[in-house]
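Peer 1: So that you have it, the file is model-v9.cif, and it contains mmCIF, C-alpha atoms:
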```cif
data_run
#
loop_
_atom_site.label_atom_id
_atom_site.label_comp_id
_atom_site.auth_asym_id
_atom_site.auth_seq_id
_atom_site.Cartn_x
_atom_site.Cartn_y
_atom_site.Cartn_z
CA MET T 6 4.78 20.33 -60.09
CA ASN T 7 7.08 23.29 -59.45
CA THR T 8 8.47 23.96 -55.97
CA ARG T 9 9.01 27.31 -54.22
CA PHE T 10 11.11 27.32 -51.07
CA ALA T 11 10.39 29.69 -48.18
CA ILE T 12 12.73 32.63 -47.58
CA GLY T 13 12.76 35.22 -44.81
CA PRO T 14 12.70 39.01 -44.74
CA ARG T 15 16.50 39.34 -44.57
CA GLU T 16 16.98 37.34 -47.78
CA THR T 17 14.07 39.10 -49.50
CA ALA T 18 15.58 42.53 -48.81
CA THR T 19 18.66 41.60 -50.89
CA LEU T 20 16.76 40.47 -54.01
CA ASN T 21 16.59 42.41 -57.26
CA THR T 22 13.47 42.53 -59.46
CA SER T 23 14.10 39.19 -61.16
CA GLY T 24 14.78 37.54 -57.79
CA ILE T 25 11.54 38.91 -56.32
CA ARG T 26 9.58 37.59 -59.32
CA GLU T 27 11.30 34.20 -59.16
CA HIS T 28 10.37 33.64 -55.52
CA PHE T 29 6.91 35.22 -55.22
CA LEU T 30 5.20 35.43 -58.64
CA ILE T 31 3.48 32.55 -60.46
CA GLU T 32 3.25 33.80 -64.04
CA SER T 33 1.50 30.92 -65.81
CA LEU T 34 -1.47 29.28 -64.07
CA PHE T 35 -3.98 28.60 -66.83
CA VAL T 36 -2.64 26.55 -69.72
CA ALA T 37 -5.12 25.06 -72.20
CA GLY T 38 -5.58 21.35 -71.58
CA GLU T 39 -3.35 21.23 -68.50
CA VAL T 40 -3.33 21.21 -64.71
CA SER T 41 -0.53 23.46 -63.44
CA LEU T 42 0.65 23.13 -59.82
CA THR T 43 3.17 24.98 -57.64
CA TYR T 44 4.16 23.62 -54.22
CA THR T 45 5.20 26.30 -51.76
CA HIS T 46 6.89 25.67 -48.43
CA TYR T 47 4.86 28.49 -46.90
CA ASP T 48 2.45 26.34 -44.86
CA ARG T 49 2.87 23.71 -47.64
CA MET T 50 0.17 25.31 -49.75
CA ILE T 51 -0.23 24.14 -53.34
CA VAL T 52 -1.34 26.83 -55.79
CA GLY T 53 -2.59 25.76 -59.20
CA GLY T 54 -4.83 26.18 -62.19
CA ALA T 55 -6.82 23.79 -64.38
CA GLN T 56 -8.12 24.74 -67.81
CA PRO T 57 -9.98 21.88 -69.53
CA ASN T 58 -10.93 22.44 -73.14
CA ASP T 59 -12.28 19.65 -75.38
CA SER T 60 -11.71 16.90 -72.79
CA SER T 61 -11.75 16.65 -69.01
CA LEU T 62 -8.63 16.84 -66.87
CA ALA T 63 -7.83 14.67 -63.87
CA LEU T 64 -6.24 16.10 -60.74
CA PRO T 65 -2.80 14.44 -60.79
CA CYS T 66 -0.86 13.09 -57.83
CA PRO T 67 2.75 14.27 -58.23
CA GLU T 68 5.42 11.86 -57.07
CA SER T 69 6.81 14.49 -54.70
CA LEU T 70 3.66 14.26 -52.53
CA LYS T 71 4.51 10.65 -51.62
CA ALA T 72 0.79 9.88 -51.50
CA ASN T 73 -1.46 7.32 -53.16
CA PHE T 74 -3.73 10.11 -54.43
CA PHE T 75 -3.63 13.91 -54.26
CA LEU T 76 -6.17 14.35 -51.46
CA GLU T 77 -5.02 11.47 -49.29
CA ARG T 78 -3.77 13.96 -46.69
CA ARG T 79 -4.94 17.23 -48.24
CA GLU T 80 -8.01 19.39 -48.88
CA LEU T 81 -8.76 21.46 -51.97
CA GLY T 82 -10.53 24.68 -52.88
CA ALA T 83 -11.43 25.37 -56.52
CA LEU T 84 -12.84 28.71 -57.68
CA ASN T 85 -13.89 29.14 -61.30
CA VAL T 86 -12.80 32.38 -63.01
CA GLY T 87 -13.75 31.26 -66.55
CA GLY T 88 -16.76 29.85 -68.36
CA ALA T 89 -19.20 27.32 -66.96
CA GLY T 90 -17.92 23.88 -66.12
CA THR T 91 -18.18 20.78 -63.95
CA ILE T 92 -15.96 19.28 -61.28
CA THR T 93 -16.60 15.60 -60.63
CA VAL T 94 -15.55 14.19 -57.26
CA ASP T 95 -15.65 10.39 -56.90
CA GLY T 96 -18.48 10.20 -59.42
CA GLN T 97 -20.53 13.14 -58.07
CA ALA T 98 -20.74 16.07 -60.50
CA TYR T 99 -20.83 19.70 -59.32
CA GLU T 100 -21.64 22.46 -61.80
CA LEU T 101 -19.71 25.69 -61.35
CA GLY T 102 -20.42 28.96 -63.08
CA ASN T 103 -18.13 31.96 -63.11
CA GLN T 104 -16.94 32.82 -59.57
CA ASP T 105 -18.54 29.72 -58.00
CA CYS T 106 -16.46 27.71 -55.52
CA LEU T 107 -16.11 24.03 -54.63
CA TYR T 108 -14.43 22.67 -51.51
CA VAL T 109 -13.20 19.06 -51.77
CA GLY T 110 -12.42 17.32 -48.50
CA MET T 111 -9.58 15.02 -47.55
CA GLY T 112 -10.00 11.45 -48.80
CA ALA T 113 -11.58 12.15 -52.20
CA LYS T 114 -9.77 9.88 -54.63
CA GLU T 115 -10.81 11.02 -58.10
CA VAL T 116 -11.27 14.67 -59.09
CA THR T 117 -11.80 15.73 -62.70
CA PHE T 118 -12.32 19.14 -64.28
CA ALA T 119 -14.44 19.83 -67.38
CA SER T 120 -15.69 22.81 -69.39
CA ALA T 121 -19.23 23.21 -70.73
CA ASP T 122 -17.92 24.97 -73.85
CA ALA T 123 -14.37 24.56 -75.16
CA ALA T 124 -14.64 27.96 -76.84
CA ASN T 125 -15.25 29.54 -73.41
CA PRO T 126 -13.38 27.19 -71.07
CA ALA T 127 -13.69 27.01 -67.33
CA LYS T 128 -10.60 28.18 -65.45
CA TYR T 129 -10.35 26.62 -62.01
CA TYR T 130 -8.02 28.35 -59.56
CA LEU T 131 -6.82 25.70 -57.11
CA LEU T 132 -5.57 25.99 -53.53
CA SER T 133 -4.68 22.93 -51.46
CA ALA T 134 -3.46 22.65 -47.88
CA PRO T 135 -2.59 19.69 -45.63
CA ALA T 136 -5.62 18.33 -43.78
CA HIS T 137 -6.23 16.18 -40.69
CA HIS T 138 -10.01 15.66 -40.89
CA ALA T 139 -12.44 14.81 -43.71
CA HIS T 140 -14.93 17.64 -44.20
CA PRO T 141 -17.71 17.12 -46.77
CA THR T 142 -17.30 18.28 -50.34
CA THR T 143 -19.41 21.46 -50.63
CA ARG T 144 -20.31 23.85 -53.44
CA ARG T 145 -21.02 27.53 -52.85
CA THR T 146 -22.04 29.86 -55.65
CA GLN T 147 -21.13 33.52 -55.63
CA ALA T 148 -24.80 34.31 -54.94
CA GLU T 149 -24.54 32.17 -51.79
CA ALA T 150 -21.26 33.68 -50.62
CA THR T 151 -21.14 36.18 -47.79
CA PRO T 152 -20.70 39.68 -49.30
CA VAL T 153 -19.06 42.46 -47.28
CA GLU T 154 -18.82 46.03 -48.56
CA MET T 155 -15.58 47.80 -47.63
CA GLY T 156 -13.63 50.94 -48.48
CA ALA T 157 -14.78 54.23 -49.93
CA THR T 158 -14.78 56.05 -53.27
CA GLU T 159 -12.73 58.94 -51.90
CA THR T 160 -9.88 56.56 -50.95
CA ALA T 161 -10.15 54.61 -54.25
CA ASN T 162 -10.70 51.27 -52.51
CA ARG T 163 -14.44 50.63 -52.61
CA ARG T 164 -14.80 46.86 -52.94
CA THR T 165 -17.05 43.86 -52.33
CA ILE T 166 -15.62 40.83 -50.52
CA TYR T 167 -17.18 37.39 -51.06
CA LYS T 168 -16.27 34.77 -48.44
CA TYR T 169 -16.55 31.10 -49.39
CA ILE T 170 -14.32 28.86 -47.23
CA TYR T 171 -13.91 30.29 -43.74
CA ALA T 172 -14.92 29.76 -40.12
CA GLU T 173 -18.58 30.76 -40.64
CA GLY T 174 -18.89 29.36 -44.16
CA ILE T 175 -17.72 26.15 -45.85
CA GLN T 176 -15.91 24.13 -43.24
CA SER T 177 -12.29 23.06 -43.74
CA CYS T 178 -9.26 22.04 -41.72
CA GLN T 179 -7.15 25.12 -42.38
CA LEU T 180 -7.98 26.41 -45.85
CA VAL T 181 -9.56 29.89 -46.16
CA MET T 182 -10.69 31.22 -49.53
CA GLY T 183 -12.65 34.14 -50.95
CA LEU T 184 -12.87 36.78 -53.65
CA THR T 185 -12.72 40.57 -53.76
CA GLN T 186 -14.14 42.70 -56.58
CA LEU T 187 -12.99 46.32 -56.89
CA GLN T 188 -15.68 48.79 -57.95
CA GLU T 189 -15.23 50.97 -61.02
CA GLY T 190 -12.97 53.89 -60.18
CA SER T 191 -11.37 52.03 -57.24
CA VAL T 192 -7.89 50.55 -57.57
CA TRP T 193 -6.42 49.89 -54.09
CA ASN T 194 -6.88 46.47 -52.49
CA THR T 195 -6.26 45.43 -48.88
CA MET T 196 -5.65 48.98 -47.74
CA PRO T 197 -4.85 49.81 -44.98
CA SER T 198 -2.33 46.99 -45.25
CA HIS T 199 -1.69 44.24 -42.71
CA THR T 200 0.31 41.12 -41.94
CA HIS T 201 -0.73 37.90 -40.21
CA ASP T 202 2.28 35.98 -38.96
CA ARG T 203 0.08 32.97 -38.19
CA ARG T 204 -0.71 32.11 -41.82
CA MET T 205 0.49 32.61 -45.38
CA GLU T 206 -1.62 34.04 -48.19
CA ALA T 207 -1.84 33.66 -51.96
CA TYR T 208 -3.44 36.15 -54.36
CA LEU T 209 -4.76 35.52 -57.87
CA TYR T 210 -5.39 38.73 -59.80
CA PHE T 211 -8.02 38.40 -62.55
CA ASN T 212 -10.64 40.36 -64.53
CA LEU T 213 -7.84 42.79 -65.36
CA PRO T 214 -8.48 44.39 -68.77
CA GLN T 215 -6.04 43.83 -71.63
CA GLY T 216 -2.95 45.98 -71.26
CA GLN T 217 -3.63 46.90 -67.61
CA ARG T 218 -1.48 45.88 -64.61
CA VAL T 219 -1.53 45.63 -60.82
CA LEU T 220 1.40 46.91 -58.77
CA HIS T 221 1.54 44.44 -55.87
CA LEU T 222 3.52 45.36 -52.75
CA LEU T 223 5.14 42.77 -50.49
CA GLY T 224 7.85 42.62 -47.81
CA GLU T 225 8.12 43.85 -44.25
CA PRO T 226 6.16 47.07 -43.64
CA THR T 227 9.39 49.07 -43.38
CA GLU T 228 11.12 47.26 -46.28
CA THR T 229 8.56 46.90 -49.07
CA ARG T 230 9.15 45.62 -52.61
CA PRO T 231 7.04 46.13 -55.78
CA LEU T 232 5.88 43.51 -58.29
CA TRP T 233 4.08 44.31 -61.54
CA VAL T 234 1.42 41.62 -62.09
CA ASN T 235 -0.53 40.71 -65.21
CA ASN T 236 -4.03 39.26 -65.52
CA GLU T 237 -4.45 35.72 -64.11
CA GLN T 238 -1.10 35.69 -62.34
CA ALA T 239 -0.66 34.75 -58.68
CA ILE T 240 1.41 36.09 -55.79
CA LEU T 241 2.77 34.07 -52.86
CA SER T 242 2.74 36.16 -49.70
CA PRO T 243 4.79 34.95 -46.68
CA PRO T 244 3.27 35.30 -43.20
CA TRP T 245 5.67 38.13 -42.31
CA SER T 246 4.87 40.16 -45.43
CA ILE T 247 2.28 42.79 -46.22
CA HIS T 248 0.06 42.08 -49.24
CA THR T 249 -1.55 45.00 -50.94
CA GLY T 250 -1.73 46.42 -54.43
CA CYS T 251 -2.90 49.18 -56.73
CA GLY T 252 -4.17 48.63 -60.27
CA THR T 253 -4.20 50.79 -63.36
CA SER T 254 -7.93 49.92 -63.57
CA ALA T 255 -10.52 48.04 -61.52
CA TYR T 256 -9.97 44.29 -61.19
CA ALA T 257 -10.72 41.32 -58.95
CA PHE T 258 -8.59 38.97 -56.92
CA ILE T 259 -8.94 35.68 -55.05
CA TRP T 260 -7.35 35.45 -51.64
CA GLY T 261 -6.52 32.17 -49.98
CA MET T 262 -4.78 31.30 -46.73
CA ALA T 263 -3.50 28.39 -44.66
CA GLY T 264 -1.93 28.32 -41.22
CA GLU T 265 -2.85 28.51 -37.56
CA ASN T 266 -6.54 29.43 -37.83
CA ARG T 267 -9.47 30.17 -40.17
CA GLU T 268 -10.52 33.51 -38.69
CA TYR T 269 -11.02 36.03 -41.49
CA THR T 270 -10.38 38.93 -39.11
CA ASP T 271 -7.03 37.61 -37.82
CA MET T 272 -4.68 40.34 -39.03
CA ASP T 273 -2.12 42.78 -37.66
CA ALA T 274 -2.88 46.22 -39.09
CA VAL T 275 -0.02 48.39 -40.36
CA PRO T 276 -0.58 52.18 -40.14
CA LEU T 277 -0.09 53.94 -43.47
CA GLU T 278 2.56 56.21 -41.96
CA ALA T 279 4.64 53.14 -41.00
CA LEU T 280 5.05 51.90 -44.59
CA ARG T 281 8.42 52.37 -46.26
#
```
Before anything else, please render the file you have as structure tokens.
Peer 2:
Amino acid sequence: MNTRFAIGPRETATLNTSGIREHFLIESLFVAGEVSLTYTHYDRMIVGGAQPNDSSLALPCPESLKANFFLERRELGALNVGGAGTITVDGQAYELGNQDCLYVGMGAKEVTFASADAANPAKYYLLSAPAHHAHPTTRRTQAEATPVEMGATETANRRTIYKYIYAEGIQSCQLVMGLTQLQEGSVWNTMPSHTHDRRMEAYLYFNLPQGQRVLHLLGEPTETRPLWVNNEQAILSPPWSIHTGCGTSAYAFIWGMAGENREYTDMDAVPLEALR
């Protein structure tokens, strides 16, 4: 498991391109036959990916967690961005199609990931936060998620937001998780931009066509920094930072948060004219 330490806005403002990428970009999440994990000191979120092929993969318990099993004091959200598959939690199997989500509560001891077809493997995007209460393991398909239409064609940000783990949806201790799909012809996400100093956020960009990119913006509103992001790469966004982006084509992204609350609407809007 890799580790990313938290840094503040003053340090971030001094970084060059390679430094920005080193601190905030996770370039390789889905590796065939592996579970990849990154521990970030922003609200102690773990960001990961699991891509089982011919055989199932077990959720490991890295030594650095100092736990008997991964979810001894944690909760987990898994959202499938690949082919059909199954997540088995303490012997109970949950089938997940593309863009279906599974929440696994604190205390689950054995979690394994499998694909229905090795030629079209499942790709489970994983987010895990510390937990203090055992909520039940719950599956929610994309069809069961709560869709919200936002944006407009004339501002190139028409999008559908699907909410899975949040205050009015799947219950958790502090994990919040959902998915946004940009409509054809729309490229801006999370615009107007915002911060929320009470919780960090992680983005996974996916469904980005071959050769296309997303230009993700982070940093303080008056001291922004750009990051070019490829398909199936993730961004770590500190609580003090904006998180917005513009793609060279339509795409989708998964947003996930941990921190003080689970209110989807908890954000501090930044006027467009204030951005620098």
Peer 1: Suppose a student applies the PyMOL selection byres ((chain T and resi 25) around 12) to this structure; what residues should they get, written as a ChimeraX atom specification?
Peer 2: /T:12,14,16-24,26-31,221-224,229-234,240-242
Peer 1: Which residues match the PyMOL selection byres ((chain T and resi 70) around 12) in the file above, as a list of chain:residue names?
Peer 2: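 With the shown file as input, the PyMOL selection byres ((chain T and resi 70) around 12) matches T:Met6, T:Asn7, T:Thr8, T:Leu42, T:Thr43, T:Tyr44, T:Arg49, T:Met50, T:Ile51, T:Pro65, T:Cys66, T:Pro67, T:Glu68, T:Ser69, T:Lys71, T:Ala72, T:Asn73, T:Phe74, T:Phe75, T:Leu76, T:Glu77, T:Arg78, T:Arg79, T:Ala134, T:Pro135.
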Peer 1: Any idea what the distance is between CA of Val109 (chain T) and CA of Ala121 (chain T)?
Peer 2: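 It comes out at 20.3 Å.
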Peer 1: Can you give me, as a ChimeraX atom specification, the residues this file yields under the PyMOL selection byres ((chain T and resi 267) around 9)?
Peer 2: /T:170-172,177-181,262-266,268-271
Peer 1: If I wrap all listed atoms of region 174-185 of chain T in a box with edges along x, y and z and add 3 Å on each side, what are its centre and edge lengths in Å to one decimal, as AutoDock Vina command-line options?
Peer 2:
```
--center_x -13.0 --center_y 31.3 --center_z -47.7 --size_x 17.7 --size_y 24.5 --size_z 18.0
```
Peer 1: Would you pick out the contacts of Ser33 (chain T) at 9 Å or less, using all atoms listed in the file, so that residues sharing its chain but fewer than 3 positions from it are not included, and give the list as a PyMOL selection string?
Peer 2: chain T and resi 36+41+54+237-239
Peer 1: May I have the protein, DNA and RNA residues with an atom at most 7 Å from (-9.3, 45.8, -66.8), counting only C-alpha atoms in the file's coordinates, returned as a ChimeraX atom specification?
Peer 2: /T:212-215,217,254-256
Peer 1: With 10 Å as the cut-off and all atoms listed in the file counted, what is the closest atom pair between each nearby residue of region 51-104 of chain T and region 128-132 of chain T? Distances in Å to one decimal, ordered by chain and number, as JSON lines.
Peer 2:
```
{"residue": "T:Ile51", "atom": "CA", "partner": "T:Leu132", "partner_atom": "CA", "distance": 5.7}
{"residue": "T:Val52", "atom": "CA", "partner": "T:Leu132", "partner_atom": "CA", "distance": 4.9}
{"residue": "T:Gly53", "atom": "CA", "partner": "T:Leu131", "partner_atom": "CA", "distance": 4.7}
{"residue": "T:Gly54", "atom": "CA", "partner": "T:Tyr130", "partner_atom": "CA", "distance": 4.7}
{"residue": "T:Ala55", "atom": "CA", "partner": "T:Tyr129", "partner_atom": "CA", "distance": 5.1}
{"residue": "T:Gln56", "atom": "CA", "partner": "T:Lys128", "partner_atom": "CA", "distance": 4.9}
{"residue": "T:Pro57", "atom": "CA", "partner": "T:Lys128", "partner_atom": "CA", "distance": 7.5}
{"residue": "T:Asn58", "atom": "CA", "partner": "T:Lys128", "partner_atom": "CA", "distance": 9.6}
{"residue": "T:Glu80", "atom": "CA", "partner": "T:Leu132", "partner_atom": "CA", "distance": 8.4}
{"residue": "T:Leu81", "atom": "CA", "partner": "T:Leu132", "partner_atom": "CA", "distance": 5.8}
{"residue": "T:Gly82", "atom": "CA", "partner": "T:Leu132", "partner_atom": "CA", "distance": 5.2}
{"residue": "T:Ala83", "atom": "CA", "partner": "T:Leu131", "partner_atom": "CA", "distance": 4.7}
{"residue": "T:Leu84", "atom": "CA", "partner": "T:Tyr130", "partner_atom": "CA", "distance": 5.2}
{"residue": "T:Asn85", "atom": "CA", "partner": "T:Tyr129", "partner_atom": "CA", "distance": 4.4}
{"residue": "T:Val86", "atom": "CA", "partner": "T:Lys128", "partner_atom": "CA", "distance": 5.3}
{"residue": "T:Gly87", "atom": "CA", "partner": "T:Lys128", "partner_atom": "CA", "distance": 4.5}
{"residue": "T:Gly88", "atom": "CA", "partner": "T:Lys128", "partner_atom": "CA", "distance": 7.0}
{"residue": "T:Ala89", "atom": "CA", "partner": "T:Lys128", "partner_atom": "CA", "distance": 8.8}
{"residue": "T:Gly90", "atom": "CA", "partner": "T:Lys128", "partner_atom": "CA", "distance": 8.5}
{"residue": "T:Thr91", "atom": "CA", "partner": "T:Tyr129", "partner_atom": "CA", "distance": 10.0}
{"residue": "T:Ile92", "atom": "CA", "partner": "T:Tyr129", "partner_atom": "CA", "distance": 9.3}
{"residue": "T:Leu101", "atom": "CA", "partner": "T:Tyr129", "partner_atom": "CA", "distance": 9.4}
{"residue": "T:Asn103", "atom": "CA", "partner": "T:Lys128", "partner_atom": "CA", "distance": 8.7}
{"residue": "T:Gln104", "atom": "CA", "partner": "T:Tyr129", "partner_atom": "CA", "distance": 9.4}
```
Peer 1: Would you mind telling me which residue in T:Ser191, T:Ser120, T:Ser61, T:Gln176 lies nearest to Leu107 (chain T) when using only C-alpha atoms?
Peer 2: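 Answer, going by the shortest atom-to-atom distance: T:Gln176.
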Peer 1: For Pro141 (chain T), which residue among T:Tyr47, T:Phe118, T:Tyr167, T:Tyr108 is the nearest when counting only C-alpha atoms?
Peer 2: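 Closest residue, counting only C-alpha atoms: T:Tyr108.
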Peer 1: How many Å separate CA of His201 (chain T) from CA of Thr151 (chain T)?
Peer 2: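 About the pair CA of His201 (chain T) and CA of Thr151 (chain T): they are 21.8 Å apart.
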Peer 1: How many Å separate CA of Ile166 (chain T) from CA of Pro244 (chain T)?
Peer 2: 21.0 Å
Peer 1: Quick one: of T:Ala157, T:Val40, T:Val219, T:Val116, who's nearest to Ala257 (chain T), counting all atoms listed in the file?
Peer 2: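 Comparing T:Ala157, T:Val40, T:Val219, T:Val116 against Ala257 (chain T), the winner is T:Val219.
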Peer 1: Extract, using all atoms listed in the file, all DNA, RNA and protein residues at most 8 Å from region 192-194 of chain T, discarding same-chain residues fewer than 5 positions from it, and format them as a ChimeraX atom specification.
Peer 2: /T:161-162,164,187,249-256
Peer 1: Closest to Leu209 (chain T) among T:Ser133, T:Thr165, T:Gln147, T:Thr185, using all atoms listed in the file?
Peer 2: T:Thr185
Peer 1: Can region 175-184 of chain T be brought up to all heavy atoms and written out as an mmCIF file, keeping the file's coordinate frame?
Peer 2:
```cif
data_model
loop_
_atom_site.group_PDB
_atom_site.id
_atom_site.type_symbol
_atom_site.label_atom_id
_atom_site.label_comp_id
_atom_site.auth_asym_id
_atom_site.auth_seq_id
_atom_site.Cartn_x
_atom_site.Cartn_y
_atom_site.Cartn_z
ATOM 1 N N ILE T 175 -18.102 27.542 -45.581
ATOM 2 C CA ILE T 175 -17.720 26.150 -45.850
ATOM 3 C C ILE T 175 -16.644 25.739 -44.875
ATOM 4 O O ILE T 175 -15.650 26.443 -44.674
ATOM 5 C CB ILE T 175 -17.201 26.011 -47.303
ATOM 6 C CG1 ILE T 175 -18.304 26.329 -48.312
ATOM 7 C CG2 ILE T 175 -16.680 24.595 -47.543
ATOM 8 C CD1 ILE T 175 -17.832 26.307 -49.763
ATOM 9 N N GLN T 176 -16.850 24.597 -44.256
ATOM 10 C CA GLN T 176 -15.910 24.130 -43.240
ATOM 11 C C GLN T 176 -14.705 23.443 -43.875
ATOM 12 O O GLN T 176 -14.814 22.754 -44.893
ATOM 13 C CB GLN T 176 -16.609 23.185 -42.274
ATOM 14 C CG GLN T 176 -17.684 23.854 -41.439
ATOM 15 C CD GLN T 176 -17.131 25.019 -40.630
ATOM 16 O OE1 GLN T 176 -16.341 24.825 -39.708
ATOM 17 N NE2 GLN T 176 -17.532 26.235 -40.975
ATOM 18 N N SER T 177 -13.531 23.648 -43.269
ATOM 19 C CA SER T 177 -12.290 23.060 -43.740
ATOM 20 C C SER T 177 -11.383 22.821 -42.541
ATOM 21 O O SER T 177 -11.711 23.216 -41.413
ATOM 22 C CB SER T 177 -11.597 23.991 -44.739
ATOM 23 O OG SER T 177 -11.138 25.155 -44.078
ATOM 24 N N CYS T 178 -10.239 22.210 -42.790
ATOM 25 C CA CYS T 178 -9.260 22.040 -41.720
ATOM 26 C C CYS T 178 -8.487 23.335 -41.479
ATOM 27 O O CYS T 178 -8.422 23.828 -40.366
ATOM 28 C CB CYS T 178 -8.299 20.904 -42.047
ATOM 29 S SG CYS T 178 -9.068 19.277 -41.966
ATOM 30 N N GLN T 179 -7.884 23.869 -42.539
ATOM 31 C CA GLN T 179 -7.150 25.120 -42.380
ATOM 32 C C GLN T 179 -7.249 26.050 -43.589
ATOM 33 O O GLN T 179 -6.814 27.194 -43.526
ATOM 34 C CB GLN T 179 -5.669 24.850 -42.080
ATOM 35 C CG GLN T 179 -4.907 24.116 -43.164
ATOM 36 C CD GLN T 179 -3.394 24.162 -42.915
ATOM 37 O OE1 GLN T 179 -2.858 25.150 -42.425
ATOM 38 N NE2 GLN T 179 -2.725 23.067 -43.223
ATOM 39 N N LEU T 180 -7.868 25.596 -44.650
ATOM 40 C CA LEU T 180 -7.980 26.410 -45.850
ATOM 41 C C LEU T 180 -9.010 27.523 -45.682
ATOM 42 O O LEU T 180 -10.098 27.301 -45.149
ATOM 43 C CB LEU T 180 -8.363 25.530 -47.038
ATOM 44 C CG LEU T 180 -8.331 26.171 -48.423
ATOM 45 C CD1 LEU T 180 -6.914 26.614 -48.782
ATOM 46 C CD2 LEU T 180 -8.865 25.197 -49.465
ATOM 47 N N VAL T 181 -8.659 28.732 -46.123
ATOM 48 C CA VAL T 181 -9.560 29.890 -46.160
ATOM 49 C C VAL T 181 -9.504 30.445 -47.574
ATOM 50 O O VAL T 181 -8.428 30.562 -48.158
ATOM 51 C CB VAL T 181 -9.129 30.967 -45.140
ATOM 52 C CG1 VAL T 181 -10.037 32.193 -45.228
ATOM 53 C CG2 VAL T 181 -9.128 30.395 -43.728
ATOM 54 N N MET T 182 -10.683 30.810 -48.127
ATOM 55 C CA MET T 182 -10.690 31.220 -49.530
ATOM 56 C C MET T 182 -11.864 32.162 -49.804
ATOM 57 O O MET T 182 -12.968 31.941 -49.316
ATOM 58 C CB MET T 182 -10.785 29.996 -50.431
ATOM 59 C CG MET T 182 -10.391 30.186 -51.873
ATOM 60 S SD MET T 182 -10.279 28.571 -52.714
ATOM 61 C CE MET T 182 -9.692 29.081 -54.322
ATOM 62 N N GLY T 183 -11.597 33.201 -50.573
ATOM 63 C CA GLY T 183 -12.650 34.140 -50.950
ATOM 64 C C GLY T 183 -12.219 34.998 -52.111
ATOM 65 O O GLY T 183 -11.138 34.817 -52.687
ATOM 66 N N LEU T 184 -13.068 35.979 -52.443
ATOM 67 C CA LEU T 184 -12.870 36.780 -53.650
ATOM 68 C C LEU T 184 -13.226 38.230 -53.353
ATOM 69 O O LEU T 184 -14.190 38.504 -52.634
ATOM 70 C CB LEU T 184 -13.762 36.214 -54.758
ATOM 71 C CG LEU T 184 -13.771 36.821 -56.151
ATOM 72 C CD1 LEU T 184 -14.196 35.759 -57.161
ATOM 73 C CD2 LEU T 184 -14.726 38.013 -56.260
#
```
